[in-house]
$ cat query.txt   # compact mmCIF, C-alpha atoms
# COMPACT_ATOMS: atom_id res chain seq x y z
CA MET A 23 -11.61 -0.77 -25.99
CA ALA A 24 -9.20 0.22 -23.29
CA ALA A 25 -9.38 -1.51 -19.94
CA GLY A 26 -9.58 1.67 -17.94
CA ALA A 27 -11.07 5.00 -18.72
CA GLY A 28 -8.86 7.42 -20.54
CA PRO A 29 -8.00 10.95 -19.48
CA GLY A 30 -10.90 12.36 -21.49
CA SER A 31 -13.47 10.42 -19.54
CA ARG A 32 -13.97 12.89 -16.74
CA LYS A 33 -17.65 13.23 -17.55
CA GLY A 34 -18.27 9.51 -17.44
CA GLY A 35 -16.62 8.63 -20.73
CA ASP A 36 -15.21 10.31 -23.77
CA TYR A 37 -17.09 11.30 -26.87
CA TYR A 38 -16.40 8.25 -29.00
CA SER A 39 -16.71 5.66 -26.29
CA LEU A 40 -19.65 3.35 -26.83
CA ASP A 41 -19.78 2.60 -23.13
CA ALA A 42 -20.06 6.30 -22.32
CA VAL A 43 -23.05 6.61 -24.65
CA LEU A 44 -24.75 3.56 -23.15
CA ALA A 45 -24.02 4.74 -19.61
CA GLU A 46 -25.86 7.97 -20.35
CA GLU A 47 -29.00 6.01 -21.17
CA THR A 48 -29.33 4.98 -17.53
CA LEU A 49 -32.61 6.14 -16.05
CA ILE A 50 -32.32 8.35 -12.98
CA PRO A 51 -35.31 9.19 -10.77
CA CYS A 52 -36.08 12.90 -10.76
CA ILE A 53 -38.77 15.27 -9.60
CA PHE A 54 -39.93 18.09 -11.84
CA LYS A 55 -39.81 21.46 -10.13
CA VAL A 56 -41.86 23.09 -12.89
CA GLY A 57 -44.48 21.64 -15.18
CA SER A 58 -43.87 21.19 -18.86
CA ARG A 59 -46.37 20.81 -21.62
CA GLY A 60 -46.61 18.13 -24.28
CA VAL A 61 -43.78 15.86 -23.20
CA GLY A 62 -45.57 13.48 -20.83
CA ARG A 63 -45.94 10.57 -23.25
CA ALA A 64 -42.44 11.06 -24.63
CA LEU A 65 -40.91 10.64 -21.20
CA ASP A 66 -43.19 7.86 -20.10
CA PRO A 67 -45.46 6.15 -22.67
CA SER A 68 -47.80 4.95 -19.92
CA SER A 69 -48.34 8.45 -18.63
CA GLY A 70 -51.95 9.58 -18.32
CA SER A 71 -51.60 13.01 -19.82
CA GLU A 72 -49.49 14.86 -22.36
CA ASP A 73 -48.40 17.42 -19.79
CA VAL A 74 -46.05 16.99 -16.85
CA LYS A 75 -47.25 18.60 -13.63
CA PRO A 76 -44.96 20.32 -11.14
CA ARG A 77 -43.59 17.92 -8.49
CA ALA A 78 -44.23 14.96 -10.78
CA ALA A 79 -41.76 12.10 -10.38
CA ALA A 80 -40.21 10.64 -13.51
CA GLU A 81 -37.23 8.62 -14.56
CA LEU A 82 -35.08 10.53 -17.01
CA PRO A 83 -32.01 9.34 -18.87
CA LEU A 84 -28.76 10.65 -17.50
CA TRP A 85 -27.98 12.85 -20.50
CA MET A 86 -31.10 14.94 -19.91
CA LEU A 87 -30.22 15.86 -16.36
CA GLN A 88 -27.45 18.41 -16.91
CA PRO A 89 -29.41 20.77 -19.20
CA LEU A 90 -32.54 20.56 -17.06
CA THR A 91 -30.92 20.92 -13.65
CA SER A 92 -28.89 23.88 -14.85
CA ARG A 93 -32.23 25.57 -15.68
CA GLU A 94 -33.58 24.69 -12.21
CA MET A 95 -36.29 22.51 -13.70
CA LEU A 96 -35.43 19.27 -11.93
CA SER A 97 -34.29 17.95 -8.67
CA VAL A 98 -32.38 14.70 -8.90
CA LYS A 99 -32.97 11.89 -6.44
CA VAL A 100 -30.42 9.27 -5.44
CA PRO A 101 -31.00 6.19 -7.59
CA ARG A 102 -31.84 3.12 -5.55
CA TRP A 103 -28.57 1.38 -6.43
CA TYR A 104 -26.70 4.08 -4.52
CA GLY A 105 -29.24 4.12 -1.73
CA GLU A 106 -29.04 3.31 1.95
CA LYS A 107 -29.89 -0.36 1.42
CA MET A 108 -27.08 -0.73 -1.09
CA ARG A 109 -24.71 1.01 1.30
CA ARG A 110 -25.44 -1.59 3.95
CA LYS A 111 -25.02 -4.41 1.47
CA ILE A 112 -21.67 -3.07 0.33
CA GLN A 113 -20.50 -2.81 3.90
CA ALA A 114 -21.58 -6.37 4.57
CA GLY A 115 -19.78 -7.82 1.57
CA ALA A 116 -19.04 -5.93 -1.59
CA GLY A 117 -17.73 -8.99 -3.36
CA VAL A 118 -21.04 -10.84 -3.59
CA GLU A 119 -23.13 -7.96 -4.85
CA ASN A 120 -24.31 -8.24 -8.45
CA LEU A 121 -23.61 -4.80 -9.89
CA ARG A 122 -24.45 -5.85 -13.44
CA LEU A 123 -28.00 -6.37 -12.27
CA ARG A 124 -28.28 -3.13 -10.27
CA CYS A 125 -26.65 -0.76 -12.67
CA PRO A 126 -24.35 -1.97 -15.45
CA TYR A 127 -22.44 1.32 -15.44
CA PHE A 128 -22.25 1.69 -11.69
CA TYR A 129 -19.10 3.82 -11.65
CA ASN A 130 -19.56 5.91 -14.78
CA VAL A 131 -23.08 6.89 -13.76
CA ALA A 132 -21.76 7.97 -10.37
CA LEU A 133 -19.05 10.02 -12.05
CA ALA A 134 -21.59 11.66 -14.32
CA LEU A 135 -23.98 12.40 -11.46
CA HIS A 136 -21.10 13.91 -9.55
CA SER A 137 -20.38 16.37 -12.33
CA ILE A 138 -24.01 17.57 -12.48
CA ASP A 139 -24.66 20.56 -10.26
CA GLY A 140 -27.35 19.92 -7.74
CA ALA A 141 -27.32 16.14 -8.08
CA PRO A 142 -26.58 14.17 -4.95
CA SER A 143 -23.01 12.93 -4.78
CA VAL A 144 -22.36 9.30 -4.03
CA ALA A 145 -18.57 9.55 -4.23
CA ASP A 146 -17.78 7.92 -0.90
CA LEU A 147 -20.02 4.92 -1.53
CA VAL A 148 -18.67 4.31 -5.02
CA ILE A 149 -15.06 4.68 -3.99
CA SER A 150 -15.39 2.27 -1.08
CA THR A 151 -17.30 -0.14 -3.32
CA PHE A 152 -14.56 -0.21 -5.89
CA ARG A 153 -11.88 -0.49 -3.25
CA SER A 154 -13.35 -3.54 -1.60
CA ARG A 155 -14.50 -5.18 -4.83
CA TYR A 156 -11.05 -4.66 -6.31
CA LYS A 157 -9.54 -6.49 -3.38
CA GLU A 158 -12.15 -9.22 -3.13
CA ILE A 159 -12.90 -10.21 -6.69
CA LEU A 160 -11.11 -8.16 -9.34
CA THR A 161 -7.63 -9.34 -8.39
CA LYS A 162 -8.80 -12.88 -9.07
CA ALA A 163 -8.32 -12.03 -12.74
CA HIS A 164 -4.71 -13.15 -12.35
CA ALA A 165 -5.36 -16.08 -10.08
CA ASN A 166 -5.49 -19.55 -11.48
CA GLU A 167 -9.19 -20.08 -10.86
CA SER A 168 -11.40 -22.57 -12.64
CA ALA A 169 -13.35 -21.47 -15.68
CA LYS A 170 -16.57 -21.97 -13.77
CA GLU A 171 -15.46 -19.62 -11.02
CA MET A 172 -14.39 -17.04 -13.60
CA VAL A 173 -17.82 -17.12 -15.25
CA ARG A 174 -19.47 -16.77 -11.86
CA ILE A 175 -17.33 -13.74 -11.00
CA GLU A 176 -17.78 -12.10 -14.37
CA ALA A 177 -21.57 -12.21 -14.04
CA LEU A 178 -21.32 -10.07 -10.89
CA LEU A 179 -19.19 -7.33 -12.41
CA SER A 180 -20.32 -4.02 -13.77
CA ILE A 181 -19.28 -3.26 -17.35
CA GLU A 182 -16.31 -1.16 -16.23
CA GLU A 183 -15.11 -3.86 -13.86
CA ALA A 184 -15.58 -6.56 -16.47
CA ALA A 185 -13.37 -4.67 -18.94
CA LEU A 186 -10.64 -4.52 -16.32
CA PHE A 187 -11.12 -8.14 -15.29
CA ASN A 188 -11.01 -9.43 -18.85
CA ALA A 189 -7.93 -7.37 -19.69
CA GLY A 190 -6.16 -8.99 -16.75
CA ARG A 191 -7.26 -12.46 -17.78
CA ALA A 192 -6.26 -11.94 -21.41
CA SER A 193 -2.69 -11.04 -20.50
CA VAL A 194 -2.31 -14.09 -18.25
CA ASP A 195 -3.80 -16.30 -20.97
CA ALA A 196 -1.39 -14.84 -23.52
CA LEU A 197 1.57 -15.65 -21.29
CA ASN A 198 0.39 -19.20 -20.68
CA ARG A 199 -0.29 -19.80 -24.37
CA TRP A 200 3.22 -18.66 -25.17
CA ARG A 201 4.84 -20.69 -22.41
CA PHE A 202 3.00 -23.92 -23.02
CA GLY A 203 2.56 -23.59 -26.76
CA GLY A 204 -1.22 -23.38 -26.99
CA ARG A 205 -1.85 -26.34 -24.74
CA ALA A 206 -3.69 -26.09 -21.50
CA VAL A 207 -1.57 -25.28 -18.47
CA PRO A 208 0.00 -28.58 -17.43
CA THR A 209 -0.62 -29.62 -13.86
CA ARG A 210 1.86 -31.56 -11.86
CA PRO A 211 0.35 -32.97 -8.70
CA SER A 212 3.78 -33.31 -7.10
CA ALA A 213 4.63 -29.64 -7.57
CA LYS A 214 1.20 -28.65 -6.34
CA ARG A 215 1.69 -30.44 -3.06
CA ARG A 216 5.06 -28.84 -2.63
CA LEU A 217 3.75 -25.32 -3.21
CA ASP A 218 0.86 -25.79 -0.82
CA GLY A 219 3.13 -27.18 1.87
CA GLY A 220 3.98 -25.42 5.08
CA SER A 221 7.51 -24.51 4.03
CA VAL A 222 6.40 -21.88 1.57
CA ASN A 223 4.27 -19.64 3.79
CA GLY A 224 4.23 -16.08 2.62
CA THR A 225 4.18 -16.87 -1.04
CA ARG A 226 0.44 -17.17 -1.28
CA MET B 1379 -4.42 0.05 -30.54
CA ASP B 1380 -3.63 -2.69 -28.06
CA PRO B 1381 -0.81 -1.36 -25.88
CA LEU B 1382 0.09 -4.87 -24.79
CA LEU B 1383 3.18 -6.48 -26.20
CA SER B 1384 2.64 -10.11 -26.95
CA PRO B 1385 4.92 -12.64 -25.26
CA TYR B 1386 6.19 -13.54 -28.73
CA GLU B 1387 7.41 -10.00 -29.22
CA LEU B 1388 9.13 -10.14 -25.86
CA GLU B 1389 10.80 -13.35 -26.93
CA PHE B 1390 12.10 -11.50 -29.98
CA PHE B 1391 13.55 -8.76 -27.79
CA ALA B 1392 15.16 -11.37 -25.56
CA GLU B 1393 17.18 -12.63 -28.51
CA ASP B 1394 19.49 -9.65 -28.01
CA GLU B 1395 20.63 -10.97 -24.64
CA ILE B 1396 24.16 -12.30 -24.47
CA VAL B 1397 25.06 -15.97 -24.04
CA LYS B 1398 28.36 -17.80 -24.16
CA ILE B 1399 29.10 -20.22 -26.94
CA VAL B 1400 32.02 -22.41 -27.92
CA PRO B 1401 32.54 -22.17 -31.67
CA ASN B 1402 34.10 -25.01 -33.61
CA PHE B 1403 35.20 -22.88 -36.55
CA SER B 1404 37.50 -19.95 -37.03
CA LEU B 1405 37.10 -16.77 -38.99
CA PRO B 1406 39.98 -15.33 -41.04
CA THR B 1407 42.41 -13.24 -39.00
CA PHE B 1408 42.29 -10.17 -41.29
CA SER B 1409 38.88 -9.40 -39.78
CA HIS B 1410 40.25 -10.16 -36.29
CA SER B 1411 38.16 -13.35 -36.42
CA ALA B 1412 35.12 -11.23 -35.60
CA ILE B 1413 31.73 -10.45 -37.15
CA LYS B 1414 30.75 -6.81 -37.50
CA CYS B 1415 27.02 -6.27 -37.05
CA ILE B 1416 24.86 -3.18 -36.56
CA GLY B 1417 24.48 -4.16 -32.93
CA GLY B 1418 28.21 -4.47 -32.32
CA VAL B 1419 31.26 -6.57 -33.06
CA PHE B 1420 31.09 -10.19 -31.97
CA GLY B 1421 34.05 -12.46 -31.72
CA PRO B 1422 36.78 -13.50 -32.01
CA PHE B 1423 35.61 -16.89 -33.19
CA LYS B 1424 38.31 -19.47 -32.68
CA PRO B 1425 37.74 -23.17 -32.19
CA ASN B 1426 37.16 -24.18 -28.59
CA ILE B 1427 37.53 -20.66 -27.21
CA PRO B 1428 34.33 -19.47 -25.50
CA VAL B 1429 32.92 -16.21 -26.82
CA GLU B 1430 29.93 -14.05 -25.92
CA VAL B 1431 27.32 -13.47 -28.62
CA PRO B 1432 23.64 -12.52 -28.72
CA ILE B 1433 21.15 -15.36 -28.61
CA TRP B 1434 19.98 -14.90 -32.20
CA LEU B 1435 23.53 -15.43 -33.43
CA ALA B 1436 24.11 -18.34 -31.10
CA VAL B 1437 20.94 -20.05 -32.30
CA ALA B 1438 21.80 -19.45 -35.95
CA LEU B 1439 25.27 -20.95 -35.47
CA GLN B 1440 23.92 -23.82 -33.43
CA LYS B 1441 21.50 -24.71 -36.22
CA ARG B 1442 24.45 -25.11 -38.58
CA ASN B 1443 26.31 -27.16 -36.02
CA ASN B 1444 28.96 -24.45 -35.82
CA CYS B 1445 28.92 -23.98 -32.09
CA ARG B 1446 27.88 -25.32 -28.74
CA ILE B 1447 25.76 -23.01 -26.53
CA LEU B 1448 26.95 -23.00 -22.92
CA GLN B 1449 24.58 -23.06 -19.99
CA PRO B 1450 24.34 -19.54 -18.47
CA GLU B 1451 25.49 -19.32 -14.84
CA TRP B 1452 22.08 -18.44 -13.50
CA LEU B 1453 20.39 -21.23 -15.42
CA ASN B 1454 21.68 -24.31 -13.64
CA THR B 1455 20.01 -26.40 -10.98
CA GLU B 1456 21.88 -24.98 -7.96
CA ALA B 1457 21.46 -21.32 -8.89
CA LEU B 1458 17.81 -21.80 -9.71
CA GLN B 1459 17.12 -23.82 -6.57
CA ASP B 1460 18.78 -21.02 -4.62
CA ALA B 1461 16.71 -18.39 -6.36
CA LEU B 1462 13.52 -20.41 -5.78
CA ASP B 1463 14.25 -20.80 -2.05
CA GLN B 1464 15.04 -17.11 -1.70
CA GLU B 1465 11.93 -16.26 -3.66
CA LYS B 1466 9.79 -18.32 -1.31
CA ASN B 1467 11.40 -17.05 1.87
CA THR B 1468 11.26 -13.34 1.16
CA ALA B 1469 7.70 -12.32 0.45
CA ALA B 1470 8.49 -8.66 -0.11
CA VAL B 1471 11.34 -8.74 -2.61
CA PHE B 1472 11.87 -10.28 -6.00
CA GLN B 1473 15.13 -12.03 -6.70
CA ARG B 1474 17.49 -10.52 -9.21
CA LEU B 1475 17.13 -12.59 -12.34
CA PRO B 1476 17.81 -11.56 -15.94
CA PHE B 1477 15.09 -9.23 -17.20
CA HIS B 1478 14.14 -11.74 -19.87
CA TYR B 1479 14.71 -14.87 -17.82
CA LEU B 1480 11.55 -16.66 -18.99
CA GLU B 1481 12.18 -15.88 -22.64
CA ILE B 1482 15.88 -16.80 -22.55
CA SER B 1483 15.21 -20.08 -20.83
CA LYS B 1484 12.44 -20.91 -23.28
CA ILE B 1485 14.71 -20.27 -26.28
CA LEU B 1486 17.57 -22.26 -24.76
CA PHE B 1487 15.29 -25.17 -23.82
CA VAL B 1488 14.42 -25.49 -27.49
CA HIS B 1489 17.73 -24.73 -29.17
CA ALA B 1490 20.37 -25.70 -26.61
CA LYS B 1491 18.99 -28.87 -25.06
CA GLU B 1492 22.47 -30.41 -25.04
CA ALA B 1493 23.83 -27.66 -22.78
CA PHE B 1494 21.64 -28.88 -19.93
CA GLY B 1495 22.42 -32.57 -20.34
CA THR B 1496 20.45 -34.69 -17.92
CA ASP B 1497 19.35 -31.64 -15.92
CA LEU B 1498 17.02 -30.37 -18.63
CA LEU B 1499 13.78 -31.52 -17.03
CA LYS B 1500 14.84 -30.41 -13.57
CA VAL B 1501 15.86 -26.95 -14.83
CA LYS B 1502 12.62 -26.60 -16.76
CA GLU B 1503 10.68 -27.48 -13.66
CA LEU B 1504 12.62 -25.00 -11.52
CA VAL B 1505 12.08 -22.14 -13.97
CA GLY B 1506 8.37 -22.99 -14.04
CA ASP B 1507 8.21 -23.02 -10.24
CA ILE B 1508 10.05 -19.72 -9.94
CA CYS B 1509 7.66 -18.15 -12.42
CA LYS B 1510 4.69 -19.51 -10.50
CA VAL B 1511 5.94 -18.23 -7.15
CA ARG B 1512 6.76 -14.82 -8.58
CA LEU B 1513 3.38 -14.46 -10.25
CA SER B 1514 1.56 -15.36 -7.06
CA LYS B 1515 3.70 -12.76 -5.26
CA VAL B 1516 2.81 -10.16 -7.87
CA ASN B 1517 -0.83 -11.03 -7.37
CA ALA B 1518 -0.56 -10.72 -3.60
CA GLY B 1519 1.10 -7.34 -4.15
CA LEU B 1520 -1.72 -6.16 -6.38
CA GLN B 1521 -4.25 -6.94 -3.68
CA VAL B 1522 -2.87 -4.28 -1.33
CA LEU B 1523 -3.66 -1.53 -3.82
CA GLN B 1524 -6.18 0.76 -2.14
CA GLY B 1525 -6.16 3.95 -4.15
CA PRO B 1526 -4.21 5.97 -6.66
CA MET B 1527 -0.69 5.58 -5.40
CA THR B 1528 2.77 4.71 -6.55
CA VAL B 1529 3.90 1.14 -6.28
CA LYS B 1530 7.50 0.01 -6.25
CA LEU B 1531 8.23 -3.18 -8.12
CA ASN B 1532 11.94 -3.90 -8.29
CA ASN B 1533 13.48 -6.72 -10.27
CA LEU B 1534 10.25 -7.52 -12.07
CA SER B 1535 10.91 -9.33 -15.32
CA ALA B 1536 9.66 -8.36 -18.76
CA ALA B 1537 7.03 -11.09 -18.95
CA GLU B 1538 5.70 -10.30 -15.50
CA CYS B 1539 5.48 -6.58 -16.25
CA ASN B 1540 3.61 -7.45 -19.38
CA VAL B 1541 1.15 -9.67 -17.55
CA ILE B 1542 0.18 -7.14 -14.91
CA ARG B 1543 0.25 -4.07 -17.15
CA PRO B 1544 -3.33 -3.98 -18.53
CA PHE B 1545 -5.00 -4.86 -15.24
CA PHE B 1546 -2.75 -2.74 -13.07
CA GLN B 1547 -2.97 0.29 -15.33
CA GLY B 1548 -6.72 -0.02 -15.67
CA ALA B 1549 -7.19 -0.38 -11.92
CA LEU B 1550 -4.99 2.63 -11.18
CA ASP B 1551 -6.85 4.68 -13.81
CA ARG B 1552 -10.14 3.73 -12.24
CA PHE B 1553 -8.91 4.55 -8.74
CA HIS B 1554 -7.66 7.88 -10.00
CA LEU B 1555 -10.95 8.65 -11.72
CA LEU B 1556 -12.97 7.83 -8.63
CA ALA B 1557 -10.62 9.70 -6.33
CA SER B 1558 -11.01 12.77 -8.53
CA MET B 1559 -14.63 12.94 -7.37
CA GLU B 1560 -13.43 13.56 -3.86
CA THR B 1561 -10.75 16.05 -4.75
CA THR B 1562 -12.93 18.27 -6.97
CA THR B 1563 -14.22 20.01 -3.86
CA TYR B 1564 -10.82 21.62 -3.39
CA PRO B 1565 -10.85 25.20 -4.63
CA GLY B 1566 -7.57 24.79 -6.47
CA ASN B 1567 -9.06 22.33 -8.91
CA ASP B 1568 -12.11 24.35 -9.89
CA ASP B 1569 -10.66 26.18 -12.86
CA PHE B 1570 -9.34 23.01 -14.33
CA GLU B 1571 -12.64 21.27 -13.86
CA ASN B 1572 -14.68 23.96 -15.59
CA GLU B 1573 -12.32 24.07 -18.51
CA ASP B 1574 -12.59 20.40 -18.88
CA LEU B 1575 -16.38 20.36 -18.89
CA ASN B 1576 -16.53 23.11 -21.50
CA ALA B 1577 -14.12 21.23 -23.69
CA GLN B 1578 -16.49 18.28 -23.93
CA PRO B 1579 -18.47 18.22 -27.15
CA GLN B 1580 -22.17 18.59 -26.42
CA ARG B 1581 -23.38 15.46 -28.05
CA HIS B 1582 -26.82 15.17 -26.59
CA MET B 1583 -27.72 18.80 -27.03
CA LEU B 1584 -27.57 18.07 -30.73
CA ALA B 1585 -29.45 14.84 -30.39
CA THR B 1586 -32.39 16.45 -28.65
CA ALA B 1587 -32.61 19.58 -30.77
$ encode --input "query.txt" --output "structure tokens"
Amino acid sequence: MAAGAGPGSRKGGDYYSLDAVLAEETLIPCIFKVGSRGVGRALDPSSGSEDVKPRAAAELPLWMLQPLTSREMLSVKVPRWYGEKMRRKIQAGAGVENLRLRCPYFYNVALALHSIDGAPSVADLVISTFRSRYKEILTKAHANESAKEMVRIEALLSIEEAALFNAGRASVDALNRWRFGGRAVPTRPSAKRRLDGGSVNGTR
Amino acid sequence: MDPLLSPYELEFFAEDEIVKIVPNFSLPTFSHSAIKCIGGVFGPFKPNIPVEVPIWLAVALQKRNNCRILQPEWLNTEALQDALDQEKNTAAVFQRLPFHYLEISKILFVHAKEAFGTDLLKVKELVGDICKVRLSKVNAGLQVLQGPMTVKLNNLSAAECNVIRPFFQGALDRFHLLASMETTTYPGNDDFENEDLNAQPQRHMLATA
């Protein structure tokens, strides 16, 4: 699987991408504008009746939204992970937020929502999220962090970010394996002191 | 499908770089004491006269004890110490080193130990330090990326390009994808957008039918 999304992924992923399929399973809160008969239990097994009443709230998978909104049957609400609370959290510190927990396909879902007519757009939030998370945690893929730190970071990442992060780590690992012949990266305390010293400011 | 070249493949490419050797044999004069290869004519090979050949040939001759590989000019303690100091002092620029400097030095450290004499460990250490400083500079450079934009990276070596490629490309792709959400409101892009949506196969329409 490629690290980034390819050119065909404008609608949240291309046809053969497993991630695109999984991203479309994300449940999005919606409100029915019109009632529909006989689908109540299919949409929500705990529903009381077989029919869906007008103005009923339900969570529908992403792939159902486009056909239904284009027929004016639904209005889409902003999912809570793009909500006002999340916006404040991202502003406070995007790097500590656990996106995997909120929405594993944080970015692809936003892209898909954006392409649906009538769905609320969360472009600005998602772009600023990626921008600050890229700077704060994704670029650590190339840094020489401990394995423990790497595991901690990876648990916070959404699936798209994790693909990027792991691609970066794999290339650094490949270089180190080649340079040091499969052994762990040798550490030389003397060199470490020298590099951390005051004479080399600007290199870190 | 992996677009990444492995460092071993880069090492193979680096074997085409030129080094100086001192042969201790001579080739017959009717061929001008030279070897004709697909990649060019190398020679003349005369005892004790330095000649420039690709690394693969130098290593092959060295293995038969037919030559002595000379230390390249950039690969001695003074030049490397210079490069390291420059590298540390100028945060914005990379020093001009051979494109395959890591690969060449690795090959020579294995096959031409004698060329370095007592400096071998020191040179090894310097190359390692230079690589470390440059990689941390690359990393600092990557952190300033804030959107889909062009980035200028002069004098980056093959191995360093290869290290940043998957991450850098993926990040730029992602920035581009996200930025396209903002730009779709421009009227000029509308036609393109609609075409694109129509071109998508309607997978889930089939699944629900």
$ closest_residue --input "query.txt" --among "A:Ala116, A:Arg110, A:Val148, A:Ser168" --to "Tyr129 in chain A" --atoms "all atoms listed in the file"
A:Val148
$ residues_around --input "query.txt" --residues "Cys1415 in chain B" --least-positions-apart "3" --cutoff "12 Å" --atoms "only C-alpha atoms" --output "NGL selection string"
:B and (1412 or 1418-1421 or 1431-1432 or 1435)
$ atom_distance --input "query.txt" --atom1 "CA of Val1541 in chain B" --atom2 "CA of Arg1512 in chain B"
11.8 Å
$ atom_distance --input "query.txt" --atom1 "CA of Ala1490 in chain B" --atom2 "CA of Asn1454 in chain B"
13.1 Å
$ residues_around --input "query.txt" --residues "Ile1508 in chain B" --least-positions-apart "6" --cutoff "12 Å" --atoms "all atoms listed in the file" --output "PDB file with C-alpha atoms, in the coordinates of the input"
ATOM      1  CA  ALA A 213       4.630 -29.640  -7.570  1.00  0.00           C
ATOM      2  CA  LEU A 217       3.750 -25.320  -3.210  1.00  0.00           C
ATOM      3  CA  THR A 225       4.180 -16.870  -1.040  1.00  0.00           C
TER       4      THR A 225
ATOM      5  CA  LEU B1453      20.390 -21.230 -15.420  1.00  0.00           C
ATOM      6  CA  ALA B1457      21.460 -21.320  -8.890  1.00  0.00           C
ATOM      7  CA  LEU B1458      17.810 -21.800  -9.710  1.00  0.00           C
ATOM      8  CA  GLN B1459      17.120 -23.820  -6.570  1.00  0.00           C
ATOM      9  CA  ASP B1460      18.780 -21.020  -4.620  1.00  0.00           C
ATOM     10  CA  ALA B1461      16.710 -18.390  -6.360  1.00  0.00           C
ATOM     11  CA  LEU B1462      13.520 -20.410  -5.780  1.00  0.00           C
ATOM     12  CA  ASP B1463      14.250 -20.800  -2.050  1.00  0.00           C
ATOM     13  CA  GLN B1464      15.040 -17.110  -1.700  1.00  0.00           C
ATOM     14  CA  GLU B1465      11.930 -16.260  -3.660  1.00  0.00           C
ATOM     15  CA  LYS B1466       9.790 -18.320  -1.310  1.00  0.00           C
ATOM     16  CA  PHE B1472      11.870 -10.280  -6.000  1.00  0.00           C
ATOM     17  CA  GLN B1473      15.130 -12.030  -6.700  1.00  0.00           C
ATOM     18  CA  ARG B1474      17.490 -10.520  -9.210  1.00  0.00           C
ATOM     19  CA  LEU B1475      17.130 -12.590 -12.340  1.00  0.00           C
ATOM     20  CA  TYR B1479      14.710 -14.870 -17.820  1.00  0.00           C
ATOM     21  CA  LEU B1480      11.550 -16.660 -18.990  1.00  0.00           C
ATOM     22  CA  VAL B1501      15.860 -26.950 -14.830  1.00  0.00           C
ATOM     23  CA  LYS B1502      12.620 -26.600 -16.760  1.00  0.00           C
ATOM     24  CA  SER B1514       1.560 -15.360  -7.060  1.00  0.00           C
ATOM     25  CA  LYS B1515       3.700 -12.760  -5.260  1.00  0.00           C
ATOM     26  CA  SER B1535      10.910  -9.330 -15.320  1.00  0.00           C
ATOM     27  CA  GLU B1538       5.700 -10.300 -15.500  1.00  0.00           C
TER      28      GLU B1538
END
$ atom_distance --input "query.txt" --atom1 "CA of Tyr104 in chain A" --atom2 "CA of Pro1526 in chain B"
22.7 Å
$ closest_residue --input "query.txt" --among "A:Ser92, A:Ser150, A:Thr161, A:Ser71" --to "Ile112 in chain A" --atoms "only C-alpha atoms"
A:Ser150
$ residues_around --input "query.txt" --residues "range 48-62 of chain A" --least-positions-apart "4" --cutoff "6 Å" --atoms "all atoms listed in the file" --output "PyMOL selection string"
chain A and resi 72-84+95-99+101
$ closest_residue --input "query.txt" --among "A:Asn130, A:Asn166, A:Ser39, A:Asn120" --to "Val144 in chain A" --atoms "only C-alpha atoms"
A:Asn130
$ residues_around --input "query.txt" --residues "range 141-143 of chain A" --least-positions-apart "4" --cutoff "9 Å" --atoms "all atoms listed in the file" --output "PyMOL selection string"
(chain A and resi 87+91+97-100+132-133+135-137) or (chain B and resi 1559)
$ residues_around --input "query.txt" --residues "Pro1406 in chain B" --least-positions-apart "2" --cutoff "12 Å" --atoms "all atoms listed in the file" --output "list in words"
Phe1403, Ser1404, Phe1408, Ser1409, His1410, Ser1411, Ala1412, Ile1413, Gly1421, Pro1422, Phe1423 and Lys1424 of chain B
$ closest_residue --input "query.txt" --among "B:Leu1513, B:Ala1392, B:Ile1447, B:Val1429" --to "chain A" --atoms "all atoms listed in the file"
B:Leu1513
$ closest_residue --input "query.txt" --among "B:Asn1426, B:Thr1407, B:Thr1455, B:Thr1468" --to "chain A" --atoms "all atoms listed in the file"
B:Thr1468
$ closest_residue --input "query.txt" --among "A:Arg174, A:Asp139, A:Leu40, A:Ala163" --to "chain B" --atoms "only C-alpha atoms"
A:Ala163
